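Engineer: For reference, the file protein.cif (mmCIF, C-alpha atoms) is included below:
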data_work
loop_
_atom_site.group_PDB
_atom_site.id
_atom_site.type_symbol
_atom_site.label_atom_id
_atom_site.label_comp_id
_atom_site.auth_asym_id
_atom_site.auth_seq_id
_atom_site.Cartn_x
_atom_site.Cartn_y
_atom_site.Cartn_z
ATOM 1 C CA MET A 369 -18.887 65.398 -34.785
ATOM 2 C CA LYS A 370 -19.679 61.852 -33.773
ATOM 3 C CA THR A 371 -17.233 59.092 -34.442
ATOM 4 C CA THR A 372 -18.020 55.432 -34.528
ATOM 5 C CA GLU A 373 -15.633 52.585 -33.955
ATOM 6 C CA THR A 374 -15.017 50.499 -37.016
ATOM 7 C CA PRO A 375 -15.755 46.828 -36.249
ATOM 8 C CA ALA A 376 -13.016 44.310 -36.803
ATOM 9 C CA PRO A 377 -13.228 42.744 -40.228
ATOM 10 C CA LEU A 378 -14.666 39.296 -40.462
ATOM 11 C CA PRO A 379 -12.408 36.509 -41.694
ATOM 12 C CA ALA A 380 -14.283 36.491 -44.984
ATOM 13 C CA GLU A 381 -13.721 40.237 -45.509
ATOM 14 C CA SER A 382 -10.009 39.980 -44.703
ATOM 15 C CA GLY A 383 -9.531 37.197 -47.158
ATOM 16 C CA ALA A 384 -8.948 34.460 -44.563
ATOM 17 C CA PRO A 385 -11.083 31.335 -44.838
ATOM 18 C CA ILE A 386 -13.761 30.750 -42.245
ATOM 19 C CA THR A 387 -13.018 27.744 -40.038
ATOM 20 C CA LYS A 388 -15.032 25.865 -37.422
ATOM 21 C CA THR A 389 -13.002 27.552 -34.718
ATOM 22 C CA ASP A 390 -14.167 30.986 -35.880
ATOM 23 C CA LEU A 391 -17.774 29.905 -35.791
ATOM 24 C CA ARG A 392 -17.553 28.181 -32.385
ATOM 25 C CA PRO A 393 -19.229 30.257 -29.656
ATOM 26 C CA PRO A 394 -17.130 31.232 -26.650
ATOM 27 C CA PRO A 395 -17.581 29.067 -23.538
ATOM 28 C CA PRO A 396 -20.144 30.358 -21.075
ATOM 29 C CA ALA A 397 -18.659 32.360 -18.231
ATOM 30 C CA LYS A 398 -20.930 30.597 -15.735
ATOM 31 C CA GLU A 399 -19.501 27.139 -16.436
ATOM 32 C CA LYS A 400 -15.963 28.484 -16.185
ATOM 33 C CA LYS A 401 -16.740 30.068 -12.825
ATOM 34 C CA GLU A 402 -18.321 26.857 -11.509
ATOM 35 C CA GLY A 403 -15.285 24.859 -12.619
ATOM 36 C CA THR A 404 -12.966 27.280 -10.825
ATOM 37 C CA VAL A 405 -14.999 27.064 -7.614
ATOM 38 C CA LEU A 406 -14.979 23.261 -7.798
ATOM 39 C CA ASN A 407 -11.196 23.167 -8.297
ATOM 40 C CA VAL A 408 -10.629 25.502 -5.364
ATOM 41 C CA PHE A 409 -12.916 23.385 -3.149
ATOM 42 C CA SER A 410 -11.272 20.081 -4.147
ATOM 43 C CA HIS A 411 -7.763 21.468 -3.657
ATOM 44 C CA GLY A 412 -8.779 22.858 -0.289
ATOM 45 C CA VAL A 413 -10.079 19.463 0.823
ATOM 46 C CA LEU A 414 -6.839 17.804 -0.327
ATOM 47 C CA VAL A 415 -4.731 20.348 1.569
ATOM 48 C CA ILE A 416 -6.753 19.800 4.761
ATOM 49 C CA TRP A 417 -6.462 16.018 4.356
ATOM 50 C CA ALA A 418 -2.689 16.313 3.811
ATOM 51 C CA PHE A 419 -2.321 18.306 7.035
ATOM 52 C CA MET A 420 -4.401 15.749 8.938
ATOM 53 C CA VAL A 421 -2.137 12.931 7.733
ATOM 54 C CA VAL A 422 1.277 14.588 7.743
ATOM 55 C CA LEU A 423 1.124 16.545 11.007
ATOM 56 C CA PRO A 424 0.688 13.474 13.305
ATOM 57 C CA LEU A 425 3.586 11.749 11.548
ATOM 58 C CA LEU A 426 5.855 14.782 11.921
ATOM 59 C CA TRP A 427 4.819 15.165 15.552
ATOM 60 C CA ALA A 428 5.661 11.519 16.288
ATOM 61 C CA VAL A 429 9.093 11.862 14.654
ATOM 62 C CA MET A 430 9.770 15.100 16.542
ATOM 63 C CA THR A 431 8.665 13.592 19.859
ATOM 64 C CA SER A 432 10.942 10.579 19.402
ATOM 65 C CA PHE A 433 13.955 12.896 19.794
ATOM 66 C CA LYS A 434 12.714 14.541 23.018
ATOM 67 C CA ASP A 435 13.192 13.520 26.612
ATOM 68 C CA ASP A 436 10.255 12.582 28.837
ATOM 69 C CA ARG A 437 10.145 15.960 30.586
ATOM 70 C CA SER A 438 9.933 17.892 27.291
ATOM 71 C CA ILE A 439 7.173 15.626 25.975
ATOM 72 C CA PHE A 440 4.809 16.715 28.769
ATOM 73 C CA SER A 441 6.026 20.264 29.368
ATOM 74 C CA SER A 442 6.177 21.432 25.736
ATOM 75 C CA PRO A 443 4.631 18.771 23.493
ATOM 76 C CA TRP A 444 4.351 21.021 20.402
ATOM 77 C CA SER A 445 7.759 22.650 20.527
ATOM 78 C CA LEU A 446 10.888 21.480 18.748
ATOM 79 C CA PRO A 447 13.322 19.373 20.793
ATOM 80 C CA ASP A 448 16.030 21.385 22.527
ATOM 81 C CA SER A 449 18.540 18.727 21.494
ATOM 82 C CA LEU A 450 18.363 15.455 19.572
ATOM 83 C CA HIS A 451 18.239 12.572 22.046
ATOM 84 C CA PHE A 452 19.422 9.658 19.926
ATOM 85 C CA ASP A 453 19.668 7.546 23.057
ATOM 86 C CA ASN A 454 15.875 7.084 22.809
ATOM 87 C CA TRP A 455 16.363 5.119 19.606
ATOM 88 C CA SER A 456 19.254 3.059 20.931
ATOM 89 C CA ARG A 457 17.323 2.286 24.109
ATOM 90 C CA ALA A 458 14.266 1.139 22.145
ATOM 91 C CA TRP A 459 16.419 -0.869 19.729
ATOM 92 C CA THR A 460 18.389 -2.763 22.389
ATOM 93 C CA GLN A 461 16.585 -2.741 25.732
ATOM 94 C CA ALA A 462 13.058 -3.068 24.300
ATOM 95 C CA ASN A 463 14.175 -5.817 21.866
ATOM 96 C CA MET A 464 12.938 -3.872 18.840
ATOM 97 C CA SER A 465 15.865 -5.274 16.844
ATOM 98 C CA ASP A 466 14.599 -8.848 17.313
ATOM 99 C CA TYR A 467 11.022 -7.857 16.494
ATOM 100 C CA PHE A 468 12.183 -5.978 13.420
ATOM 101 C CA LEU A 469 14.196 -8.961 12.158
ATOM 102 C CA ASN A 470 11.283 -11.363 12.690
ATOM 103 C CA THR A 471 8.953 -9.010 10.834
ATOM 104 C CA VAL A 472 11.348 -8.696 7.903
ATOM 105 C CA LEU A 473 11.609 -12.485 7.640
ATOM 106 C CA VAL A 474 7.866 -13.066 7.845
ATOM 107 C CA VAL A 475 6.797 -10.229 5.549
ATOM 108 C CA GLY A 476 9.613 -10.830 3.055
ATOM 109 C CA GLY A 477 8.852 -14.536 2.717
ATOM 110 C CA SER A 478 5.105 -14.087 2.565
ATOM 111 C CA LEU A 479 5.346 -11.213 0.067
ATOM 112 C CA ILE A 480 7.478 -13.254 -2.332
ATOM 113 C CA GLY A 481 5.213 -16.283 -2.019
ATOM 114 C CA THR A 482 2.067 -14.203 -2.456
ATOM 115 C CA LEU A 483 3.314 -12.499 -5.610
ATOM 116 C CA VAL A 484 4.602 -15.700 -7.204
ATOM 117 C CA LEU A 485 1.538 -17.839 -6.480
ATOM 118 C CA GLY A 486 -0.941 -15.009 -7.019
ATOM 119 C CA SER A 487 0.532 -13.967 -10.371
ATOM 120 C CA MET A 488 0.519 -17.542 -11.685
ATOM 121 C CA ALA A 489 -3.082 -18.124 -10.612
ATOM 122 C CA ALA A 490 -4.205 -14.760 -11.991
ATOM 123 C CA TYR A 491 -2.473 -15.374 -15.333
ATOM 124 C CA VAL A 492 -4.216 -18.713 -15.797
ATOM 125 C CA LEU A 493 -7.615 -17.312 -14.816
ATOM 126 C CA ALA A 494 -7.195 -14.303 -17.126
ATOM 127 C CA ARG A 495 -5.773 -16.031 -20.220
ATOM 128 C CA PHE A 496 -7.184 -19.540 -20.388
ATOM 129 C CA ASP A 497 -10.773 -20.746 -20.688
ATOM 130 C CA PHE A 498 -11.459 -24.061 -18.969
ATOM 131 C CA PRO A 499 -14.358 -25.611 -17.047
ATOM 132 C CA GLY A 500 -14.551 -24.070 -13.600
ATOM 133 C CA ASN A 501 -12.629 -20.912 -14.497
ATOM 134 C CA ARG A 502 -15.291 -18.523 -13.262
ATOM 135 C CA PHE A 503 -16.032 -20.675 -10.216
ATOM 136 C CA ILE A 504 -12.397 -20.551 -9.077
ATOM 137 C CA TYR A 505 -12.255 -16.819 -9.750
ATOM 138 C CA PHE A 506 -15.352 -16.120 -7.668
ATOM 139 C CA LEU A 507 -14.001 -18.452 -4.999
ATOM 140 C CA PHE A 508 -10.995 -16.157 -4.619
ATOM 141 C CA ILE A 509 -13.292 -13.130 -4.527
ATOM 142 C CA GLY A 510 -15.345 -14.852 -1.835
ATOM 143 C CA GLY A 511 -12.182 -15.176 0.227
ATOM 144 C CA MET A 512 -11.921 -11.380 0.281
ATOM 145 C CA SER A 513 -15.332 -11.074 1.919
ATOM 146 C CA PHE A 514 -14.686 -13.733 4.586
ATOM 147 C CA PRO A 515 -14.012 -12.044 7.966
ATOM 148 C CA ILE A 516 -10.700 -13.119 9.424
ATOM 149 C CA MET A 517 -12.208 -13.048 12.920
ATOM 150 C CA LEU A 518 -14.404 -16.043 12.065
ATOM 151 C CA ALA A 519 -11.375 -18.081 10.959
ATOM 152 C CA LEU A 520 -9.122 -17.512 13.973
ATOM 153 C CA VAL A 521 -10.270 -20.469 16.075
ATOM 154 C CA PRO A 522 -10.283 -23.125 13.282
ATOM 155 C CA LEU A 523 -7.096 -21.626 11.876
ATOM 156 C CA PHE A 524 -5.409 -22.014 15.244
ATOM 157 C CA TYR A 525 -6.281 -25.716 15.402
ATOM 158 C CA VAL A 526 -5.244 -26.323 11.797
ATOM 159 C CA VAL A 527 -1.858 -24.662 12.286
ATOM 160 C CA ASN A 528 -1.384 -26.451 15.610
ATOM 161 C CA ASN A 529 -2.197 -29.866 14.100
ATOM 162 C CA MET A 530 0.319 -29.236 11.311
ATOM 163 C CA GLY A 531 3.030 -28.449 13.847
ATOM 164 C CA LEU A 532 3.419 -24.868 12.562
ATOM 165 C CA LEU A 533 2.291 -23.004 15.662
ATOM 166 C CA ASN A 534 4.828 -20.437 16.984
ATOM 167 C CA THR A 535 7.026 -20.790 13.896
ATOM 168 C CA ILE A 536 8.176 -18.238 11.348
ATOM 169 C CA HIS A 537 7.376 -20.418 8.325
ATOM 170 C CA GLY A 538 3.928 -21.215 9.702
ATOM 171 C CA LEU A 539 3.152 -17.514 9.955
ATOM 172 C CA ILE A 540 4.466 -17.016 6.421
ATOM 173 C CA LEU A 541 2.064 -19.635 5.044
ATOM 174 C CA VAL A 542 -0.878 -18.049 6.878
ATOM 175 C CA TYR A 543 0.046 -14.604 5.529
ATOM 176 C CA ILE A 544 0.194 -15.999 1.986
ATOM 177 C CA ALA A 545 -3.241 -17.580 2.322
ATOM 178 C CA TYR A 546 -4.580 -14.361 3.843
ATOM 179 C CA SER A 547 -3.255 -12.175 0.963
ATOM 180 C CA LEU A 548 -3.937 -14.437 -2.034
ATOM 181 C CA PRO A 549 -7.620 -13.508 -2.657
ATOM 182 C CA PHE A 550 -6.933 -9.798 -3.140
ATOM 183 C CA THR A 551 -3.755 -10.497 -5.121
ATOM 184 C CA VAL A 552 -5.520 -12.826 -7.561
ATOM 185 C CA PHE A 553 -8.449 -10.424 -7.919
ATOM 186 C CA PHE A 554 -6.155 -7.465 -8.650
ATOM 187 C CA LEU A 555 -3.742 -9.238 -11.010
ATOM 188 C CA THR A 556 -6.478 -11.049 -12.956
ATOM 189 C CA ALA A 557 -7.919 -7.712 -14.037
ATOM 190 C CA PHE A 558 -4.427 -6.457 -14.825
ATOM 191 C CA PHE A 559 -3.422 -9.455 -16.968
ATOM 192 C CA ARG A 560 -6.602 -9.033 -19.021
ATOM 193 C CA THR A 561 -5.417 -5.580 -20.099
ATOM 194 C CA LEU A 562 -2.096 -6.843 -21.478
ATOM 195 C CA PRO A 563 -1.910 -7.454 -25.246
ATOM 196 C CA THR A 564 -2.315 -11.080 -26.322
ATOM 197 C CA SER A 565 -0.366 -10.647 -29.571
ATOM 198 C CA ILE A 566 2.998 -10.797 -27.782
ATOM 199 C CA ALA A 567 2.159 -14.053 -26.038
ATOM 200 C CA GLU A 568 0.845 -15.532 -29.300
ATOM 201 C CA ALA A 569 4.074 -14.541 -31.061
ATOM 202 C CA ALA A 570 6.065 -16.289 -28.327
ATOM 203 C CA PHE A 571 4.002 -19.461 -28.775
ATOM 204 C CA VAL A 572 4.623 -19.340 -32.533
ATOM 205 C CA ASP A 573 8.373 -19.102 -31.890
ATOM 206 C CA GLY A 574 8.180 -22.272 -29.797
ATOM 207 C CA ALA A 575 8.172 -20.854 -26.263
ATOM 208 C CA SER A 576 6.443 -22.924 -23.605
ATOM 209 C CA HIS A 577 3.713 -21.622 -21.337
ATOM 210 C CA SER A 578 6.054 -21.290 -18.376
ATOM 211 C CA ARG A 579 8.713 -19.473 -20.398
ATOM 212 C CA THR A 580 6.128 -17.139 -21.895
ATOM 213 C CA PHE A 581 4.813 -16.322 -18.448
ATOM 214 C CA PHE A 582 8.115 -15.766 -16.626
ATOM 215 C CA GLN A 583 10.088 -14.087 -19.425
ATOM 216 C CA ILE A 584 7.402 -12.115 -21.278
ATOM 217 C CA MET A 585 4.122 -11.635 -19.430
ATOM 218 C CA LEU A 586 5.511 -11.244 -15.906
ATOM 219 C CA PRO A 587 7.898 -8.383 -16.838
ATOM 220 C CA MET A 588 5.024 -6.666 -18.653
ATOM 221 C CA ALA A 589 2.955 -6.897 -15.461
ATOM 222 C CA LYS A 590 5.621 -5.140 -13.368
ATOM 223 C CA PRO A 591 3.466 -2.065 -12.541
ATOM 224 C CA GLY A 592 0.639 -4.272 -11.321
ATOM 225 C CA LEU A 593 3.006 -6.460 -9.305
ATOM 226 C CA ILE A 594 4.534 -3.439 -7.602
ATOM 227 C CA SER A 595 1.112 -1.987 -6.806
ATOM 228 C CA VAL A 596 -0.319 -5.147 -5.296
ATOM 229 C CA GLY A 597 3.025 -5.776 -3.583
ATOM 230 C CA ILE A 598 2.814 -2.403 -1.837
ATOM 231 C CA PHE A 599 -0.737 -3.102 -0.681
ATOM 232 C CA ASN A 600 0.215 -6.550 0.613
ATOM 233 C CA PHE A 601 3.321 -5.138 2.282
ATOM 234 C CA LEU A 602 1.247 -2.570 4.151
ATOM 235 C CA GLY A 603 -1.313 -5.150 5.241
ATOM 236 C CA GLN A 604 1.220 -7.760 6.300
ATOM 237 C CA TRP A 605 3.576 -5.317 8.019
ATOM 238 C CA ASN A 606 0.739 -3.899 10.122
ATOM 239 C CA GLN A 607 -0.930 -7.262 10.784
ATOM 240 C CA TYR A 608 -1.601 -7.776 14.470
ATOM 241 C CA MET A 609 -4.490 -10.220 14.887
ATOM 242 C CA LEU A 610 -2.931 -13.231 13.142
ATOM 243 C CA PRO A 611 0.471 -13.153 14.894
ATOM 244 C CA THR A 612 -1.207 -12.553 18.261
ATOM 245 C CA VAL A 613 -3.211 -15.773 17.900
ATOM 246 C CA LEU A 614 -0.683 -17.952 16.037
ATOM 247 C CA ASN A 615 2.615 -16.667 17.420
ATOM 248 C CA THR A 616 2.710 -16.616 21.209
ATOM 249 C CA ASP A 617 6.445 -17.323 21.565
ATOM 250 C CA PRO A 618 8.105 -14.169 23.034
ATOM 251 C CA ASP A 619 11.290 -14.796 21.025
ATOM 252 C CA LYS A 620 9.416 -14.861 17.699
ATOM 253 C CA ARG A 621 7.157 -11.860 18.087
ATOM 254 C CA VAL A 622 6.751 -9.503 15.153
ATOM 255 C CA LEU A 623 6.898 -5.724 15.257
ATOM 256 C CA THR A 624 3.236 -5.089 16.001
ATOM 257 C CA GLN A 625 3.343 -7.433 18.980
ATOM 258 C CA GLY A 626 6.560 -5.786 20.119
ATOM 259 C CA LEU A 627 5.000 -2.327 19.962
ATOM 260 C CA VAL A 628 2.086 -3.420 22.127
ATOM 261 C CA GLN A 629 4.462 -5.019 24.606
ATOM 262 C CA LEU A 630 6.601 -1.879 24.567
ATOM 263 C CA ALA A 631 3.566 0.321 25.190
ATOM 264 C CA VAL A 632 2.509 -1.804 28.164
ATOM 265 C CA SER A 633 5.959 -2.011 29.746
ATOM 266 C CA GLN A 634 6.997 1.591 29.060
ATOM 267 C CA GLY A 635 3.656 2.797 30.371
ATOM 268 C CA TYR A 636 4.640 1.583 33.835
ATOM 269 C CA LYS A 637 8.225 2.798 33.546
ATOM 270 C CA GLY A 638 7.285 6.188 32.124
ATOM 271 C CA ASP A 639 9.736 5.894 29.208
ATOM 272 C CA TRP A 640 7.525 7.669 26.677
ATOM 273 C CA SER A 641 10.444 8.829 24.550
ATOM 274 C CA GLY A 642 11.512 5.221 23.981
ATOM 275 C CA LEU A 643 7.937 4.334 23.062
ATOM 276 C CA PHE A 644 7.788 7.050 20.395
ATOM 277 C CA ALA A 645 11.180 5.973 19.062
ATOM 278 C CA GLY A 646 9.927 2.410 18.650
ATOM 279 C CA LEU A 647 6.775 3.692 16.961
ATOM 280 C CA VAL A 648 8.803 5.653 14.406
ATOM 281 C CA MET A 649 11.011 2.611 13.769
ATOM 282 C CA ALA A 650 7.952 0.607 12.799
ATOM 283 C CA MET A 651 6.601 3.439 10.675
ATOM 284 C CA LEU A 652 9.673 4.337 8.613
ATOM 285 C CA PRO A 653 9.864 1.195 6.406
ATOM 286 C CA VAL A 654 6.261 1.663 5.286
ATOM 287 C CA LEU A 655 6.809 5.318 4.410
ATOM 288 C CA ALA A 656 10.060 4.542 2.613
ATOM 289 C CA ALA A 657 8.450 1.795 0.532
ATOM 290 C CA TYR A 658 5.612 4.039 -0.606
ATOM 291 C CA ILE A 659 7.883 7.023 -1.347
ATOM 292 C CA ILE A 660 10.206 4.879 -3.467
ATOM 293 C CA PHE A 661 7.464 3.083 -5.422
ATOM 294 C CA GLN A 662 4.723 5.735 -5.504
ATOM 295 C CA ARG A 663 5.027 6.225 -9.284
ATOM 296 C CA GLN A 664 4.715 2.488 -9.942
ATOM 297 C CA VAL A 665 1.688 2.322 -7.632
ATOM 298 C CA VAL A 666 -0.101 5.022 -9.626
ATOM 299 C CA GLN A 667 0.819 3.332 -12.917
ATOM 300 C CA GLY A 668 -0.509 0.001 -11.684
ATOM 301 C CA LEU A 669 -3.782 1.516 -10.496
ATOM 302 C CA THR A 670 -4.426 3.414 -13.765
ATOM 303 C CA ALA A 671 -3.157 0.791 -16.204
ATOM 304 C CA GLY A 672 -6.459 -1.067 -16.221
ATOM 305 C CA ALA A 673 -8.338 2.063 -17.281
ATOM 306 C CA LEU A 674 -6.081 2.890 -20.265
ATOM 307 C CA LYS A 675 -6.244 0.376 -23.089
#
Please express what this file holds, its structure, as structure tokens.

Structural biologist:
Amino acid sequence: MKTTETPAPLPAESGAPITKTDLRPPPPAKEKKEGTVLNVFSHGVLVIWAFMVVLPLLWAVMTSFKDDRSIFSSPWSLPDSLHFDNWSRAWTQANMSDYFLNTVLVVGGSLIGTLVLGSMAAYVLARFDFPGNRFIYFLFIGGMSFPIMLALVPLFYVVNNMGLLNTIHGLILVYIAYSLPFTVFFLTAFFRTLPTSIAEAAFVDGASHSRTFFQIMLPMAKPGLISVGIFNFLGQWNQYMLPTVLNTDPDKRVLTQGLVQLAVSQGYKGDWSGLFAGLVMAMLPVLAAYIIFQRQVVQGLTAGALK
């Protein structure tokens, strides 16, 4: 005797109303398989890229705690003991403490000046219509495309004629001018995404333009300020060409100049452990800044796309 399977009752036969979900065809298995393959490929590429970036950093940190003999005899093994004297030797004998202090002064002053001046210029260009608005905006964008190599010689004479050569404040002003085009370009697009109703309400309540900017619009632009601040911090901290040309005083060298000097001097002395310790010293502030503010960086980069 043959038996047949009874098909499941349709929604109409069971008394349930037919909805659009019941009538929607199932997704094709081919598209689902292609999406899975694409996800696996993209995740694999990201994992490989993470290893390529993280492994050299971990190796440099590990090598900074080794002695010179272990660096050459077993470069990939863990240190037998932590040689903290490498760090103290690089900090004191190689003058990394002086270079670090000079870099903090230069980058700190230039970062504050860049964010203050850049945010004010970007706010005006984004919120107010006046003759020459677009010309000034494209002038800042043009500054981004101007190679810094072409400006080194005239910049040297300009700074020298102003009496700012081999000075900390002179280097700060040059860093601000170097970072303003990108800062204005980034923050102008960010200020355009902010709601205008809040600023209009502040004007109705009698707030001035400066008060509206500093107390209302600037706090709202905090994600964008942090994002562009991180980018400027990375560029200014790792800047080598400008201080090499404009800052030839040995007592006022910044960290990048100090690392080059350390590499040259330690190369003759054979103190490779001290060289790696100085390299990690210069690297740690950048990593710490990005780890602390990574969420704000992502928010600032995606805020312009979500309105």

Engineer: With the file shown as input, list the residues that the PyMOL selection byres ((chain A and resi 657) around 12) selects, as a VMD selection string.

Structural biologist: chain A and resid 594 to 595 597 to 602 605 651 to 656 658 to 665

Engineer: Using the selection just defined, write its residues with C-alpha atoms as a tab-separated table (two decimals), keeping the file's coordinate frame.

Structural biologist:
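Just written: result_24.tsv:
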chain	number	residue	atom	x	y	z
A	594	ILE	CA	4.53	-3.44	-7.60
A	595	SER	CA	1.11	-1.99	-6.81
A	597	GLY	CA	3.02	-5.78	-3.58
A	598	ILE	CA	2.81	-2.40	-1.84
A	599	PHE	CA	-0.74	-3.10	-0.68
A	600	ASN	CA	0.22	-6.55	0.61
A	601	PHE	CA	3.32	-5.14	2.28
A	602	LEU	CA	1.25	-2.57	4.15
A	605	TRP	CA	3.58	-5.32	8.02
A	651	MET	CA	6.60	3.44	10.68
A	652	LEU	CA	9.67	4.34	8.61
A	653	PRO	CA	9.86	1.20	6.41
A	654	VAL	CA	6.26	1.66	5.29
A	655	LEU	CA	6.81	5.32	4.41
A	656	ALA	CA	10.06	4.54	2.61
A	658	TYR	CA	5.61	4.04	-0.61
A	659	ILE	CA	7.88	7.02	-1.35
A	660	ILE	CA	10.21	4.88	-3.47
A	661	PHE	CA	7.46	3.08	-5.42
A	662	GLN	CA	4.72	5.74	-5.50
A	663	ARG	CA	5.03	6.22	-9.28
A	664	GLN	CA	4.72	2.49	-9.94
A	665	VAL	CA	1.69	2.32	-7.63

Engineer: Using all atoms listed in the file, what does the table of region 385-498 of chain A residues within 12 Å of region 503-512 of chain A look like, with each row giving the shortest atom pair and its distance in Å to one decimal, sorted by chain and ascending number, as a tab-separated table?

Structural biologist:
residue	atom	partner	partner_atom	distance
A:Gly486	CA	A:Phe508	CA	10.4
A:Ala489	CA	A:Tyr505	CA	9.3
A:Ala490	CA	A:Tyr505	CA	8.6
A:Tyr491	CA	A:Tyr505	CA	11.4
A:Val492	CA	A:Tyr505	CA	10.2
A:Leu493	CA	A:Tyr505	CA	6.9
A:Ala494	CA	A:Tyr505	CA	9.3
A:Asp497	CA	A:Tyr505	CA	11.7
A:Phe498	CA	A:Phe503	CA	10.4

Engineer: Residues near Leu555 (chain A), anyone? I mean within 8 Å using all atoms listed in the file, not counting same-chain ones fewer than 2 positions away, as a ChimeraX atom specification.

Structural biologist: /A:486-487,490-491,551-553,557-559,592-593,596

Engineer: From the options A:Leu469, A:Val429, A:Ala631, A:Ala458, which residue's atoms come nearest to Trp444 (chain A), counting only C-alpha atoms?

Structural biologist: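 For Trp444 (chain A), the nearest of the given residues is A:Val429.
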
Engineer: Rounded to one decimal place, report the CA of Val421 (chain A)-CA of Leu643 (chain A) distance in Å.

Structural biologist: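 Computing the Euclidean distance for CA of Val421 (chain A) and CA of Leu643 (chain A) yields 20.3 Å.
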
Engineer: Which of these residues is nearest to Asn615 (chain A), using all atoms listed in the file: A:Phe468, A:Phe524, A:Phe496, A:Phe452?

Structural biologist: A:Phe524

Engineer: Take every atom of region 511-520 of chain A listed in the file, fit an axis-aligned box around them, add 3 Å per side, and give the centre and edge lengths in Å to one decimal as JSON.

Structural biologist:
{"center_x": -12.2, "center_y": -14.6, "center_z": 7.1, "size_x": 12.2, "size_y": 13.0, "size_z": 19.7}

Engineer: Could you list, as a ChimeraX atom specification, every residue within 12 Å of Val628 (chain A), counting all atoms listed in the file and ignoring same-chain residues fewer than 6 positions away?

Structural biologist: /A:462,464,467,608-609,612,621-622,634-635,643,646-647,650

Engineer: Based on the selection just made, write C-alpha atoms of those residues as an mmCIF file, keeping the file's coordinate frame.

Structural biologist:
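Full text of out_0.cif as output:
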data_model
loop_
_atom_site.group_PDB
_atom_site.id
_atom_site.type_symbol
_atom_site.label_atom_id
_atom_site.label_comp_id
_atom_site.auth_asym_id
_atom_site.auth_seq_id
_atom_site.Cartn_x
_atom_site.Cartn_y
_atom_site.Cartn_z
ATOM 1 C CA ALA A 462 13.058 -3.068 24.300
ATOM 2 C CA MET A 464 12.938 -3.872 18.840
ATOM 3 C CA TYR A 467 11.022 -7.857 16.494
ATOM 4 C CA TYR A 608 -1.601 -7.776 14.470
ATOM 5 C CA MET A 609 -4.490 -10.220 14.887
ATOM 6 C CA THR A 612 -1.207 -12.553 18.261
ATOM 7 C CA ARG A 621 7.157 -11.860 18.087
ATOM 8 C CA VAL A 622 6.751 -9.503 15.153
ATOM 9 C CA GLN A 634 6.997 1.591 29.060
ATOM 10 C CA GLY A 635 3.656 2.797 30.371
ATOM 11 C CA LEU A 643 7.937 4.334 23.062
ATOM 12 C CA GLY A 646 9.927 2.410 18.650
ATOM 13 C CA LEU A 647 6.775 3.692 16.961
ATOM 14 C CA ALA A 650 7.952 0.607 12.799
#

Engineer: Quick one, how far is CA of Ser641 (chain A) from CA of Asp617 (chain A)?

Structural biologist: 26.6 Å

Engineer: Can you spell out as an MDAnalysis selection string the set of residues that the PyMOL selection byres ((chain A and resi 479) around 8) selects in the structure I just provided?

Structural biologist: chainID A and resid 475:478 480:483 544 597 600:601

Engineer: I need the residue nearest Phe440 (chain A) from this list: A:Met530, A:Pro515, A:Trp640, A:Leu586. Use only C-alpha atoms for the distance.

Structural biologist: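 Of the candidates, the smallest distance to Phe440 (chain A) is held by A:Trp640.
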
Engineer: One number please: CA of Asn463 (chain A) to CA of Asn534 (chain A), in Å, one decimal.

Structural biologist: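 Between CA of Asn463 (chain A) and CA of Asn534 (chain A) the gap is 18.0 Å.
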
Engineer: Residues within 10 Å of His537 (chain A), please, as a list in words. Count all atoms listed in the file; anything in the same chain fewer than 5 positions from it doesn't count.

Structural biologist: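 Residues near the query, excluding close chain neighbours: Leu473, Val474, Gly477, Ser478, Leu532, Val542 and Tyr543 of chain A.
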
Engineer: So, counting all atoms listed in the file, which residue among A:Val413, A:Pro424, A:Val572, A:Tyr546 is closest to Ala519 (chain A)?

Structural biologist: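 Distance minimum relative to Ala519 (chain A) lands on A:Tyr546.
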
Engineer: Using all atoms listed in the file, which of the listed residues (A:Met430, A:Tyr525, A:Gln583, A:Ser465) sits closest to Ser449 (chain A)?

Structural biologist: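 So, comparing all the options, the nearest one is A:Met430.
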
Engineer: Written as a PDB file with C-alpha atoms, keeping the file's coordinate frame, what is the full residue list that the PyMOL selection byres ((chain A and resi 436) around 9) yields on the file shown?

Structural biologist:
ATOM      1  CA  LYS A 434      12.714  14.541  23.018  1.00  0.00           C
ATOM      2  CA  ASP A 435      13.192  13.520  26.612  1.00  0.00           C
ATOM      3  CA  ARG A 437      10.145  15.960  30.586  1.00  0.00           C
ATOM      4  CA  SER A 438       9.933  17.892  27.291  1.00  0.00           C
ATOM      5  CA  ILE A 439       7.173  15.626  25.975  1.00  0.00           C
ATOM      6  CA  PHE A 440       4.809  16.715  28.769  1.00  0.00           C
ATOM      7  CA  SER A 441       6.026  20.264  29.368  1.00  0.00           C
ATOM      8  CA  GLY A 638       7.285   6.188  32.124  1.00  0.00           C
ATOM      9  CA  ASP A 639       9.736   5.894  29.208  1.00  0.00           C
ATOM     10  CA  TRP A 640       7.525   7.669  26.677  1.00  0.00           C
ATOM     11  CA  SER A 641      10.444   8.829  24.550  1.00  0.00           C
ATOM     12  CA  GLY A 642      11.512   5.221  23.981  1.00  0.00           C
TER      13      GLY A 642
END

Engineer: So that I can check the surroundings of Pro522 (chain A), please list as a list in words every protein, DNA and RNA residue that reaches within 12 Å of it, counting all atoms listed in the file and ignoring chain neighbours fewer than 6 positions away.

Structural biologist: Ile516, Asn528, Asn529, Val613 and Leu614 of chain A

Engineer: Considering only C-alpha atoms, can you say which of A:Arg502, A:Lys590, A:Thr471, A:Ile584 comes closest to Gln607 (chain A)?

Structural biologist: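 Of A:Arg502, A:Lys590, A:Thr471, A:Ile584, the one nearest Gln607 (chain A), counting only C-alpha atoms, is A:Thr471.
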